[in-house]
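Below is upload17.tsv, which holds TSV, C-alpha atoms and all ligand atoms.
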```
chain	number	residue	atom	x	y	z
A	1	MET	CA	-38.66	97.72	214.01
A	2	GLN	CA	-39.34	98.75	217.54
A	3	THR	CA	-42.41	100.20	219.10
A	4	LYS	CA	-41.93	101.74	222.51
A	5	THR	CA	-44.47	99.81	224.42
A	6	ASN	CA	-45.24	96.54	226.12
A	7	ALA	CA	-47.58	94.19	224.34
A	8	LEU	CA	-49.67	93.96	227.49
A	9	SER	CA	-50.13	97.73	227.79
A	10	GLN	CA	-51.52	97.65	224.24
A	11	GLY	CA	-54.03	95.04	225.30
A	12	LEU	CA	-52.17	92.09	223.81
A	13	ILE	CA	-51.22	88.86	225.53
A	14	ARG	CA	-48.39	86.79	224.11
A	15	CYS	CA	-49.07	83.05	224.15
A	16	HIS	CA	-46.35	81.48	226.26
A	17	ASP	CA	-46.23	78.38	224.08
A	18	CYS	CA	-46.31	79.63	220.50
A	19	GLY	CA	-45.86	83.41	220.67
A	20	TYR	CA	-49.22	84.28	219.13
A	21	LEU	CA	-50.64	87.65	220.21
A	22	VAL	CA	-54.20	87.62	221.50
A	23	LYS	CA	-56.23	90.71	222.38
A	24	THR	CA	-57.04	90.95	226.07
A	25	GLU	CA	-60.56	92.15	225.34
A	26	THR	CA	-61.47	88.81	223.74
A	27	LYS	CA	-61.15	87.32	227.26
A	28	MET	CA	-59.99	84.04	225.76
A	29	SER	CA	-58.46	81.57	228.18
A	30	SER	CA	-56.63	79.47	225.62
A	31	CYS	CA	-54.62	80.35	222.55
A	32	PRO	CA	-56.53	80.13	219.25
A	33	ARG	CA	-53.43	78.90	217.47
A	34	CYS	CA	-51.97	76.25	219.79
A	35	ASP	CA	-54.63	75.79	222.46
A	36	GLY	CA	-52.08	76.58	225.18
A	37	HIS	CA	-53.22	78.29	228.35
A	38	LEU	CA	-53.14	82.07	228.01
A	39	HIS	CA	-51.80	84.29	230.76
A	40	ALA	CA	-50.31	87.75	230.51
A	41	ARG	CA	-47.57	86.86	232.99
A	42	ASN	CA	-46.69	83.44	234.40
A	43	PRO	CA	-49.42	82.72	236.96
A	44	HIS	CA	-48.29	83.18	240.57
A	45	SER	CA	-44.77	83.48	239.25
A	46	LEU	CA	-43.21	84.88	242.41
A	47	GLN	CA	-45.03	82.57	244.85
A	48	ARG	CA	-44.26	79.43	242.85
A	49	THR	CA	-40.66	80.39	242.26
A	50	THR	CA	-40.23	81.17	245.97
A	51	ALA	CA	-41.70	77.82	247.03
A	52	LEU	CA	-39.47	75.91	244.62
A	53	LEU	CA	-36.43	77.92	245.65
A	54	LEU	CA	-36.98	77.36	249.38
A	55	SER	CA	-37.31	73.61	248.82
A	56	SER	CA	-34.06	73.65	246.84
A	57	PHE	CA	-32.28	75.54	249.63
A	58	LEU	CA	-33.40	72.92	252.15
A	59	LEU	CA	-32.32	70.00	249.97
A	60	TYR	CA	-29.01	71.67	249.13
A	61	ILE	CA	-27.85	70.92	252.70
A	62	PRO	CA	-28.24	67.10	252.67
A	63	ALA	CA	-26.99	67.07	249.10
A	64	ASN	CA	-23.66	68.44	250.29
A	65	ILE	CA	-23.37	66.80	253.71
A	66	PHE	CA	-24.24	63.19	252.93
A	67	PRO	CA	-22.13	60.94	250.70
A	68	ILE	CA	-23.13	60.98	247.06
A	69	MET	CA	-21.42	57.65	246.47
A	70	MET	CA	-19.56	54.93	248.34
A	71	VAL	CA	-16.62	52.87	247.09
A	72	ASN	CA	-16.73	49.40	248.62
A	73	GLN	CA	-13.39	47.64	248.40
A	74	PHE	CA	-13.27	44.13	249.81
A	75	GLY	CA	-15.87	44.87	252.42
A	76	ALA	CA	-14.51	48.23	253.52
A	77	GLY	CA	-16.67	51.12	252.40
A	78	GLU	CA	-15.38	54.61	251.72
A	79	PRO	CA	-17.99	57.38	251.45
A	80	HIS	CA	-17.51	60.30	249.04
A	81	THR	CA	-19.30	63.61	249.27
A	82	ILE	CA	-19.56	65.95	246.28
A	83	THR	CA	-16.64	68.01	247.60
A	84	GLY	CA	-14.70	64.83	248.43
A	85	GLY	CA	-14.97	63.64	244.84
A	86	ILE	CA	-13.47	66.91	243.62
A	87	VAL	CA	-10.62	66.71	246.15
A	88	ASP	CA	-9.89	63.17	244.95
A	89	LEU	CA	-9.65	64.37	241.36
A	90	ILE	CA	-7.25	67.15	242.36
A	91	ASP	CA	-5.14	64.68	244.37
A	92	SER	CA	-4.78	62.43	241.36
A	93	GLY	CA	-3.67	65.40	239.27
A	94	MET	CA	-6.74	65.72	237.07
A	95	ILE	CA	-7.13	69.44	237.55
A	96	PRO	CA	-9.20	70.30	234.44
A	97	ILE	CA	-11.77	67.59	235.18
A	98	ALA	CA	-11.82	68.62	238.83
A	99	MET	CA	-12.58	72.22	237.75
A	100	LEU	CA	-15.34	70.98	235.48
A	101	VAL	CA	-17.02	69.04	238.29
A	102	LEU	CA	-16.47	71.96	240.68
A	103	VAL	CA	-18.30	74.28	238.30
A	104	ALA	CA	-21.13	71.89	237.47
A	105	SER	CA	-21.76	70.48	240.94
A	106	ILE	CA	-20.96	73.35	243.30
A	107	LEU	CA	-20.65	76.73	241.58
A	108	VAL	CA	-23.65	76.35	239.25
A	109	PRO	CA	-26.16	75.16	241.89
A	110	ALA	CA	-24.95	77.73	244.42
A	111	SER	CA	-25.05	80.62	241.96
A	112	LYS	CA	-28.48	79.50	240.78
A	113	LEU	CA	-29.83	79.58	244.32
A	114	ILE	CA	-28.35	83.03	244.94
A	115	GLY	CA	-29.27	84.35	241.50
A	116	ILE	CA	-32.91	83.29	241.65
A	117	SER	CA	-33.16	84.74	245.18
A	118	LEU	CA	-31.90	88.08	243.87
A	119	LEU	CA	-34.29	87.99	240.92
A	120	LEU	CA	-37.20	87.33	243.27
A	121	LEU	CA	-36.18	90.19	245.58
A	122	CYS	CA	-35.76	92.51	242.62
A	123	ALA	CA	-39.19	91.68	241.21
A	124	HIS	CA	-40.93	91.75	244.57
A	125	PHE	CA	-39.49	95.02	245.86
A	126	ARG	CA	-39.62	96.66	242.41
A	127	TRP	CA	-35.98	97.63	242.50
A	128	GLN	CA	-35.05	100.14	239.82
A	129	VAL	CA	-32.25	98.30	238.03
A	130	ASN	CA	-30.70	97.85	234.63
A	131	ALA	CA	-33.36	95.39	233.53
A	132	ARG	CA	-31.37	94.28	230.51
A	133	ARG	CA	-28.49	93.19	232.72
A	134	TRP	CA	-30.84	91.36	235.08
A	135	THR	CA	-32.59	89.62	232.21
A	136	THR	CA	-29.20	88.46	230.97
A	137	MET	CA	-28.52	87.04	234.43
A	138	TYR	CA	-31.86	85.25	234.32
A	139	ARG	CA	-31.03	83.83	230.90
A	140	MET	CA	-27.67	82.51	232.13
A	141	ILE	CA	-29.32	80.86	235.15
A	142	ALA	CA	-31.89	79.20	232.91
A	143	PHE	CA	-29.19	78.06	230.50
A	144	VAL	CA	-26.68	76.50	232.88
A	145	GLY	CA	-29.20	74.67	235.09
A	146	ARG	CA	-29.27	71.38	233.28
A	147	TRP	CA	-25.48	70.99	233.28
A	148	SER	CA	-25.57	70.24	237.01
A	149	MET	CA	-27.04	66.84	236.15
A	150	LEU	CA	-23.43	65.93	235.27
A	151	ASP	CA	-22.81	64.37	238.70
A	152	ILE	CA	-26.05	62.39	238.66
A	153	PHE	CA	-25.39	60.86	235.24
A	154	MET	CA	-21.81	60.14	236.24
A	155	ILE	CA	-22.98	58.22	239.30
A	156	SER	CA	-25.33	56.12	237.20
A	157	ILE	CA	-22.42	55.27	234.89
A	158	LEU	CA	-19.99	54.46	237.73
A	159	VAL	CA	-22.51	52.42	239.71
A	160	ASP	CA	-23.28	50.40	236.62
A	161	LEU	CA	-19.70	49.80	235.47
A	162	VAL	CA	-17.93	49.25	238.76
A	163	ASN	CA	-19.93	46.34	240.08
A	164	PHE	CA	-17.52	43.49	240.76
A	165	SER	CA	-17.22	41.04	243.63
A	166	GLY	CA	-14.16	42.86	244.95
A	167	VAL	CA	-14.98	46.47	244.19
A	168	GLN	CA	-18.33	48.17	244.03
A	169	ILE	CA	-19.48	51.74	243.69
A	170	ILE	CA	-22.76	52.40	245.44
A	171	ALA	CA	-24.85	55.54	245.09
A	172	GLY	CA	-25.40	57.46	248.33
A	173	PRO	CA	-28.41	59.30	249.75
A	174	ALA	CA	-27.08	62.70	248.65
A	175	ALA	CA	-27.69	61.70	245.02
A	176	THR	CA	-31.45	61.91	245.48
A	177	ALA	CA	-31.20	65.25	247.26
A	178	PHE	CA	-28.83	66.66	244.64
A	179	ALA	CA	-30.99	65.53	241.72
A	180	ALA	CA	-33.97	67.15	243.44
A	181	VAL	CA	-32.03	70.43	243.85
A	182	VAL	CA	-31.15	70.48	240.14
A	183	ILE	CA	-34.71	69.78	239.02
A	184	LEU	CA	-36.40	72.11	241.50
A	185	THR	CA	-34.11	75.00	240.54
A	186	MET	CA	-34.83	74.28	236.87
A	187	PHE	CA	-38.54	74.51	237.60
A	188	ALA	CA	-37.94	77.65	239.67
A	189	ALA	CA	-36.16	79.33	236.75
A	190	GLU	CA	-38.94	78.25	234.40
A	191	ASN	CA	-41.64	79.68	236.66
A	192	PHE	CA	-39.92	83.01	237.15
A	193	ASP	CA	-41.22	85.53	234.65
A	194	PRO	CA	-38.45	87.94	233.56
A	195	ARG	CA	-41.10	90.30	232.17
A	196	LEU	CA	-41.91	91.23	235.77
A	197	LEU	CA	-38.48	92.88	235.96
A	198	TRP	CA	-39.44	95.08	233.00
A	199	ASP	CA	-42.95	95.82	234.23
A	200	ASN	CA	-41.46	97.38	237.35
A	201	GLN	CA	-39.09	99.75	235.61
A	202	GLN	CA	-40.21	103.33	235.28
A	203	ASN	CA	-37.89	104.21	232.41
A	204	SER	CA	-37.49	101.03	230.47
A	205	TYR	CA	-38.07	102.53	227.04
A	206	GLU	CA	-35.11	104.86	226.82
B	207	MET	CA	-53.31	98.07	215.74
B	208	ASN	CA	-55.83	96.21	213.65
B	209	SER	CA	-54.10	92.96	212.94
B	210	SER	CA	-52.27	91.35	215.83
B	211	SER	CA	-50.25	89.12	213.51
B	212	ALA	CA	-48.41	92.12	212.10
B	213	TYR	CA	-46.75	92.36	215.49
B	214	HIS	CA	-45.06	90.04	217.89
B	215	ALA	CA	-43.80	90.42	221.42
B	216	CYS	CA	-40.47	89.59	223.02
B	217	PRO	CA	-40.96	86.53	225.27
B	218	GLU	CA	-38.64	87.87	227.97
B	219	CYS	CA	-39.42	91.59	228.16
B	220	ASP	CA	-42.80	91.83	226.39
B	221	LEU	CA	-41.64	94.60	224.04
B	222	LEU	CA	-44.09	94.90	221.18
B	223	LEU	CA	-42.26	94.52	217.86
B	224	LYS	CA	-43.21	94.76	214.22
B	225	ALA	CA	-43.18	91.23	212.88
B	226	THR	CA	-40.37	91.28	210.35
B	227	LEU	CA	-38.48	88.08	209.80
B	228	PRO	CA	-34.75	88.46	209.26
B	229	ASP	CA	-33.18	87.06	206.11
B	230	VAL	CA	-31.81	83.54	206.10
B	231	GLY	CA	-28.47	83.45	207.89
B	232	GLU	CA	-29.17	86.62	209.86
B	233	LYS	CA	-30.20	86.94	213.44
B	234	ALA	CA	-32.88	89.10	215.02
B	235	HIS	CA	-32.30	90.23	218.58
B	236	CYS	CA	-34.73	92.06	220.81
B	237	PRO	CA	-33.58	95.70	220.78
B	238	ARG	CA	-34.49	96.14	224.43
B	239	CYS	CA	-33.36	93.01	226.29
B	240	GLY	CA	-31.07	91.45	223.69
B	241	LEU	CA	-32.82	88.07	223.45
B	242	LEU	CA	-32.21	86.11	220.27
B	243	LEU	CA	-35.67	86.21	218.68
B	244	ALA	CA	-35.19	84.44	215.37
B	245	ARG	CA	-32.47	82.87	213.30
B	246	PRO	CA	-34.10	81.51	210.15
B	247	HIS	CA	-32.35	78.62	208.44
B	248	LYS	CA	-32.58	77.64	204.85
B	249	GLN	CA	-35.26	75.04	204.25
B	250	SER	CA	-35.89	74.47	207.92
B	251	VAL	CA	-38.70	71.96	207.32
B	252	GLU	CA	-36.72	69.76	204.93
B	253	ARG	CA	-33.66	69.98	207.11
B	254	THR	CA	-35.58	69.09	210.27
B	255	PHE	CA	-37.28	66.18	208.51
B	256	ALA	CA	-33.98	64.73	207.29
B	257	LEU	CA	-32.24	65.20	210.64
B	258	SER	CA	-35.15	63.64	212.55
B	259	ILE	CA	-34.97	60.51	210.40
B	260	ALA	CA	-31.23	60.28	211.00
B	261	GLY	CA	-31.80	60.85	214.73
B	262	ILE	CA	-34.42	58.10	215.04
B	263	ILE	CA	-32.14	55.67	213.22
B	264	LEU	CA	-29.14	56.52	215.41
B	265	PHE	CA	-31.20	56.32	218.59
B	266	PHE	CA	-31.24	52.52	218.47
B	267	PRO	CA	-27.52	51.71	218.17
B	268	ALA	CA	-26.83	54.47	220.68
B	269	ASN	CA	-29.09	52.76	223.19
B	270	LEU	CA	-28.52	49.10	222.41
B	271	LEU	CA	-24.81	48.72	221.66
B	272	PRO	CA	-22.32	48.75	224.53
B	273	MET	CA	-20.95	52.23	225.22
B	274	VAL	CA	-18.04	51.66	227.55
B	275	GLY	CA	-16.39	48.40	228.52
B	276	ILE	CA	-14.32	48.09	231.67
B	277	THR	CA	-11.81	45.49	232.78
B	278	MET	CA	-10.72	45.48	236.37
B	279	MET	CA	-8.75	42.77	238.18
B	280	GLY	CA	-9.65	40.22	235.55
B	281	ASN	CA	-13.36	41.00	235.57
B	282	ALA	CA	-15.09	42.62	232.61
B	283	ASN	CA	-18.30	44.61	232.38
B	284	THR	CA	-19.99	46.81	229.80
B	285	GLY	CA	-22.56	49.54	230.15
B	286	ILE	CA	-25.33	51.06	228.04
B	287	LEU	CA	-27.66	53.95	228.87
B	288	PHE	CA	-30.36	51.73	230.27
B	289	SER	CA	-28.09	49.57	232.41
B	290	GLY	CA	-27.11	52.73	234.30
B	291	VAL	CA	-30.77	53.42	235.00
B	292	LEU	CA	-31.26	49.84	236.13
B	293	ALA	CA	-28.23	49.95	238.43
B	294	LEU	CA	-29.62	53.02	240.22
B	295	PHE	CA	-33.03	51.44	240.47
B	296	ASN	CA	-31.67	48.25	242.00
B	297	GLU	CA	-29.81	50.23	244.63
B	298	GLY	CA	-33.00	51.79	245.86
B	299	LEU	CA	-32.58	55.20	244.22
B	300	GLN	CA	-35.75	54.83	242.18
B	301	ALA	CA	-36.44	58.54	241.92
B	302	VAL	CA	-32.98	59.28	240.54
B	303	ALA	CA	-33.26	56.31	238.19
B	304	VAL	CA	-36.49	57.71	236.78
B	305	VAL	CA	-34.93	61.15	236.29
B	306	VAL	CA	-31.94	59.66	234.46
B	307	PHE	CA	-34.24	57.53	232.33
B	308	LEU	CA	-36.40	60.51	231.35
B	309	ALA	CA	-33.57	62.94	230.63
B	310	SER	CA	-31.30	60.56	228.74
B	311	ILE	CA	-33.63	58.07	227.04
B	312	LEU	CA	-37.35	58.81	226.98
B	313	PHE	CA	-37.39	62.58	226.46
B	314	PRO	CA	-34.77	62.49	223.67
B	315	LEU	CA	-36.79	59.77	221.92
B	316	VAL	CA	-40.10	61.63	222.29
B	317	HIS	CA	-38.47	64.89	221.20
B	318	ILE	CA	-37.03	63.42	218.01
B	319	SER	CA	-40.27	61.53	217.29
B	320	LEU	CA	-42.30	64.72	217.65
B	321	SER	CA	-39.97	66.66	215.36
B	322	LEU	CA	-40.19	63.80	212.84
B	323	LEU	CA	-44.00	63.81	213.01
B	324	ILE	CA	-44.29	67.58	212.71
B	325	SER	CA	-41.72	68.10	209.98
B	326	GLY	CA	-43.07	65.07	208.10
B	327	HIS	CA	-46.57	66.53	208.09
B	328	LEU	CA	-45.29	69.91	206.97
B	329	TYR	CA	-43.03	68.38	204.34
B	330	PHE	CA	-45.91	66.46	202.73
B	331	ASN	CA	-48.41	69.27	203.41
B	332	LEU	CA	-50.63	67.06	205.53
B	333	ALA	CA	-53.00	68.78	207.91
B	334	ASN	CA	-53.46	67.23	211.32
B	335	ARG	CA	-55.36	68.66	214.22
B	336	TYR	CA	-52.68	67.53	216.64
B	337	LEU	CA	-49.85	69.45	214.97
B	338	ALA	CA	-50.21	72.42	217.33
B	339	HIS	CA	-50.23	70.15	220.36
B	340	TRP	CA	-47.12	68.34	219.21
B	341	MET	CA	-45.39	71.67	218.68
B	342	ARG	CA	-46.24	72.71	222.23
B	343	TRP	CA	-45.00	69.48	223.75
B	344	MET	CA	-41.79	69.63	221.75
B	345	HIS	CA	-41.23	73.23	222.85
B	346	HIS	CA	-41.57	72.25	226.52
B	347	LEU	CA	-39.44	69.11	226.25
B	348	ASP	CA	-36.47	70.92	224.76
B	349	GLU	CA	-34.85	71.82	228.06
B	350	TRP	CA	-35.24	68.31	229.51
B	351	VAL	CA	-33.35	66.52	226.75
B	352	MET	CA	-29.91	66.20	228.32
B	353	LEU	CA	-27.85	64.14	225.88
B	354	GLU	CA	-24.88	66.51	225.80
B	355	VAL	CA	-24.75	66.64	229.60
B	356	TYR	CA	-24.69	62.85	229.64
B	357	MET	CA	-21.80	62.89	227.19
B	358	LEU	CA	-19.80	65.09	229.52
B	359	SER	CA	-20.61	62.66	232.36
B	360	ILE	CA	-19.22	59.77	230.32
B	361	ILE	CA	-15.98	61.71	229.83
B	362	VAL	CA	-15.65	62.52	233.52
B	363	ALA	CA	-16.49	58.93	234.53
B	364	CYS	CA	-13.86	57.58	232.10
B	365	VAL	CA	-11.21	59.94	233.45
B	366	LYS	CA	-12.03	58.81	236.99
B	367	LEU	CA	-11.77	55.13	236.04
B	368	MET	CA	-8.75	55.42	233.75
B	369	SER	CA	-6.18	55.03	236.53
B	370	ILE	CA	-7.80	52.00	238.17
B	371	ALA	CA	-9.21	50.03	235.24
B	372	GLN	CA	-8.84	49.32	231.54
B	373	LEU	CA	-11.48	50.98	229.43
B	374	LYS	CA	-12.73	50.14	225.98
B	375	LEU	CA	-14.99	52.44	224.03
B	376	GLY	CA	-17.80	50.67	222.19
B	377	TRP	CA	-19.84	51.32	219.06
B	378	GLY	CA	-22.71	52.49	221.21
B	379	LEU	CA	-20.65	55.47	222.27
B	380	TYR	CA	-19.84	56.46	218.69
B	381	ALA	CA	-23.52	56.20	217.77
B	382	PHE	CA	-24.34	58.28	220.86
B	383	VAL	CA	-21.89	61.03	219.82
B	384	ALA	CA	-23.42	61.05	216.33
B	385	LEU	CA	-26.89	61.27	217.89
B	386	ILE	CA	-25.81	64.32	219.92
B	387	VAL	CA	-24.44	66.03	216.81
B	388	ILE	CA	-27.70	65.33	214.92
B	389	ASN	CA	-29.80	66.48	217.87
B	390	THR	CA	-27.85	69.73	218.22
B	391	LEU	CA	-28.20	70.51	214.51
B	392	LEU	CA	-31.88	69.63	214.76
B	393	THR	CA	-32.71	71.95	217.65
B	394	SER	CA	-30.60	74.83	216.38
B	395	GLY	CA	-32.05	74.63	212.85
B	396	LEU	CA	-35.71	74.31	213.80
B	397	ASP	CA	-37.37	77.62	212.96
B	398	GLU	CA	-40.37	77.71	215.30
B	399	ALA	CA	-41.87	80.85	213.78
B	400	LEU	CA	-41.82	79.28	210.32
B	401	PHE	CA	-43.27	76.01	211.64
B	402	TRP	CA	-46.17	77.86	213.29
B	403	GLN	CA	-46.77	79.78	210.10
B	404	ARG	CA	-46.94	76.59	208.06
B	405	ILE	CA	-49.21	74.89	210.59
B	406	GLU	CA	-51.64	77.82	210.38
B	407	GLN	CA	-51.54	77.74	206.57
B	408	LEU	CA	-52.36	74.03	206.57
B	409	ARG	CA	-55.23	74.62	208.96
B	410	THR	CA	-56.80	77.47	206.98
B	411	ARG	CA	-56.45	75.52	203.75
B	412	LYS	CA	-58.22	72.56	205.31
B	413	ASN	CA	-60.97	74.76	206.74
B	414	ASN	CA	-61.52	76.40	203.35
B	415	ALA	CA	-61.71	73.02	201.66
B	416	ASN	CA	-64.46	71.88	204.01
C	1	ZN	ZN	-50.30	79.65	221.43
C	2	ZN	ZN	-36.91	91.65	224.80
```

Translate this structure into structure tokens?
Amino acid sequence: MQTKTNALSQGLIRCHDCGYLVKTETKMSSCPRCDGHLHARNPHSLQRTTALLLSSFLLYIPANIFPIMMVNQFGAGEPHTITGGIVDLIDSGMIPIAMLVLVASILVPASKLIGISLLLLCAHFRWQVNARRWTTMYRMIAFVGRWSMLDIFMISILVDLVNFSGVQIIAGPAATAFAAVVILTMFAAENFDPRLLWDNQQNSYE
Amino acid sequence: MNSSSAYHACPECDLLLKATLPDVGEKAHCPRCGLLLARPHKQSVERTFALSIAGIILFFPANLLPMVGITMMGNANTGILFSGVLALFNEGLQAVAVVVFLASILFPLVHISLSLLISGHLYFNLANRYLAHWMRWMHHLDEWVMLEVYMLSIIVACVKLMSIAQLKLGWGLYAFVALIVINTLLTSGLDEALFWQRIEQLRTRKNNAN
């Protein structure tokens, strides 16, 4: 049951919160069904997403350079970076777990940063692309984002459990930076409006 | 285009579509961008109500009973969700502690409570002017409930500790796993379109009665 038109070009705004369609001509600012704020496209989508993305890029550097946790054994501390933790896992022969952490802590954040950058460029410069493919990419970025919290939760578990007089695990400064990267990129993905990709296509109805 | 409710729009590409709900067990995808638009479940309200009750009940053992016990060089220690938050807080990582607390304890609790409130009202046909607000909050919270990510973290942490310490899995962990299963069934079976429809029906009925 497909029409060949955007809701907006027919004078209808879809409520972002509940999906209700409201006529533009009513000039309503909130949804009659759920009271959510009405806007045809996410407000300042590109500016907000860009600001959040740039902050994530900046924090991505300390997140990877500084130790994310320290293992204190009888007074001698040994710092671990995110990459160091993965190398340790490989050294002890736990390849599948090492791959899992590699994906969640390095590949996912990096591909999110690159992916959102590409989406922003595409929407800003009105590239003529296969919008369906790009929307799928957006969807994947939005879906995988939360899984990067893996490392943060793991640190909270390790810090809590390994707290003995002889051995202690202490969280490092990179943990704050890394958690910020994960959350900021999640907000960035949420603020990006994939409908902008479709608005810019000249032949999106074929 | 007289009635706007005869149509709906795809949230990700804004394609205007005739509002036809697929049959139970079938899926409706957006023909243009491929987004999964609706997947109605049988008796979504009843199902959500029952699962929310189970979720609320499981929330307490999952949070209060020890999850993992560790023995290392003669010393023993156990951990629950909140003790991890506390450990981060005491080490000066307050911001991270707050994030962990929200994503693994508070948001899951609020999310299940909201779904219990909403489905309870719909189940007993009770009108409430806050129903729409609760629906909105629940919709926005969805992404920030990270129980299954936490579960994966427990597995990775256990694998890391396995070689240097003795581990013992506690009842808290089993309750936590059950909570995740319930929560997954809950979110996948909650038919938002149907819920909105029922909320509107309740509202119009109440307005007519007045
Ligand atoms: Zn609405
Ligand atoms: Zn679509």

Neighbours of chain B in chain A at 6 Å, counting all atoms listed in the file, as a list of chain:residue names: A:Met1, A:Gln2, A:Thr3, A:Thr5, A:Asn6, A:Ala7, A:Asp17, A:Leu21, A:Cys34, A:Arg132, A:Trp147, A:Leu150, A:Phe153, A:Met154, A:Ser156, A:Ile157, A:Asp160, A:Thr176, A:Pro194, A:Arg195, A:Trp198

Output file for the residues above (C-alpha atoms, as an mmCIF file, in the coordinates of the input):
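Saved file part-v2.cif follows:
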```cif
data_model
loop_
_atom_site.group_PDB
_atom_site.id
_atom_site.type_symbol
_atom_site.label_atom_id
_atom_site.label_comp_id
_atom_site.auth_asym_id
_atom_site.auth_seq_id
_atom_site.Cartn_x
_atom_site.Cartn_y
_atom_site.Cartn_z
ATOM 1 C CA MET A 1 -38.660 97.720 214.010
ATOM 2 C CA GLN A 2 -39.340 98.750 217.540
ATOM 3 C CA THR A 3 -42.410 100.200 219.100
ATOM 4 C CA THR A 5 -44.470 99.810 224.420
ATOM 5 C CA ASN A 6 -45.240 96.540 226.120
ATOM 6 C CA ALA A 7 -47.580 94.190 224.340
ATOM 7 C CA ASP A 17 -46.230 78.380 224.080
ATOM 8 C CA LEU A 21 -50.640 87.650 220.210
ATOM 9 C CA CYS A 34 -51.970 76.250 219.790
ATOM 10 C CA ARG A 132 -31.370 94.280 230.510
ATOM 11 C CA TRP A 147 -25.480 70.990 233.280
ATOM 12 C CA LEU A 150 -23.430 65.930 235.270
ATOM 13 C CA PHE A 153 -25.390 60.860 235.240
ATOM 14 C CA MET A 154 -21.810 60.140 236.240
ATOM 15 C CA SER A 156 -25.330 56.120 237.200
ATOM 16 C CA ILE A 157 -22.420 55.270 234.890
ATOM 17 C CA ASP A 160 -23.280 50.400 236.620
ATOM 18 C CA THR A 176 -31.450 61.910 245.480
ATOM 19 C CA PRO A 194 -38.450 87.940 233.560
ATOM 20 C CA ARG A 195 -41.100 90.300 232.170
ATOM 21 C CA TRP A 198 -39.440 95.080 233.000
#
```

For CA of Phe178 (chain A) and CA of Leu53 (chain A), the interatomic separation in Å (one decimal):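 So the two atoms, CA of Phe178 (chain A) and CA of Leu53 (chain A), lie 13.6 Å apart.
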
Å distance separating atom ZN of ligand ZN 2 (chain C) from CA of Arg253 (chain B), one decimal place: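 About the pair atom ZN of ligand ZN 2 (chain C) and CA of Arg253 (chain B): they are 28.2 Å apart.
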
Point-to-point distance from CA of Ala244 (chain B) to CA of Met28 (chain A), Å rounded to tenths: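 Between CA of Ala244 (chain B) and CA of Met28 (chain A) the gap is 26.9 Å.
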
Within 6 Å of ligand ZN 1 (chain C) (only C-alpha atoms and all ligand atoms), residues as a ChimeraX atom specification: /A:15,17-20,31,33-36

Nearest to ligand ZN 2 (chain C) by atom-to-atom distance, counting all atoms listed in the file, from B:Leu243, B:Val387, B:Leu315, B:Leu375: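 Using all atoms listed in the file, the shortest distance to ligand ZN 2 (chain C) belongs to B:Leu243.
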
Radius query 8 Å about (-52.6, 86.2, 228.8), atoms used: all atoms listed in the file, as a ChimeraX atom specification: /A:12-15,22,24,29,37-41

Nearest residue to Ile116 (chain A) from the set A:Met137, A:Leu59, A:Ala180, A:Val103 (distances using only C-alpha atoms):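 Checking each of A:Met137, A:Leu59, A:Ala180, A:Val103 against Ile116 (chain A), counting only C-alpha atoms, the winner is A:Met137.
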
Of the listed residues A:Asn64, A:Glu78, A:Ile169, A:Glu25, that which approaches Leu8 (chain A) most closely, counting all atoms listed in the file: A:Glu25

Shell around Pro173 (chain A) at 10 Å using only C-alpha atoms, local window under 3 positions removed, as a ChimeraX atom specification: /A:62-63,65-70,170,176-178 /B:298-299

Contact residues around Phe382 (chain B) with all atoms listed in the file at 8 Å, ignoring same-chain residues under 2 positions, as an NGL selection string: :B and (264-265 or 267-269 or 378-380 or 384-386)

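Minimum atom-to-atom distance to ligand ZN 2 (chain C), evaluated using all atoms listed in the file, belongs to A:Ala131 out of A:Val87, A:Ala179, A:Ala131, A:Ile61.
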
Selection near Gly326 (chain B), 12 Å with only C-alpha atoms, sequence-local residues under 6 positions removed, as a PyMOL selection string: chain B and resi 250-259+318-320+332-334+337+401+405

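Distance annotation: of A:Ala174, A:Met94, A:Ala110, A:Ile82, the residue with the minimal separation from Met368 (chain B) is A:Met94; atom set is all atoms listed in the file.
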
Distance criterion (all atoms listed in the file): nearest to Ser111 (chain A) out of A:Thr81, A:Thr26, A:Asn191, A:Thr185: A:Thr185
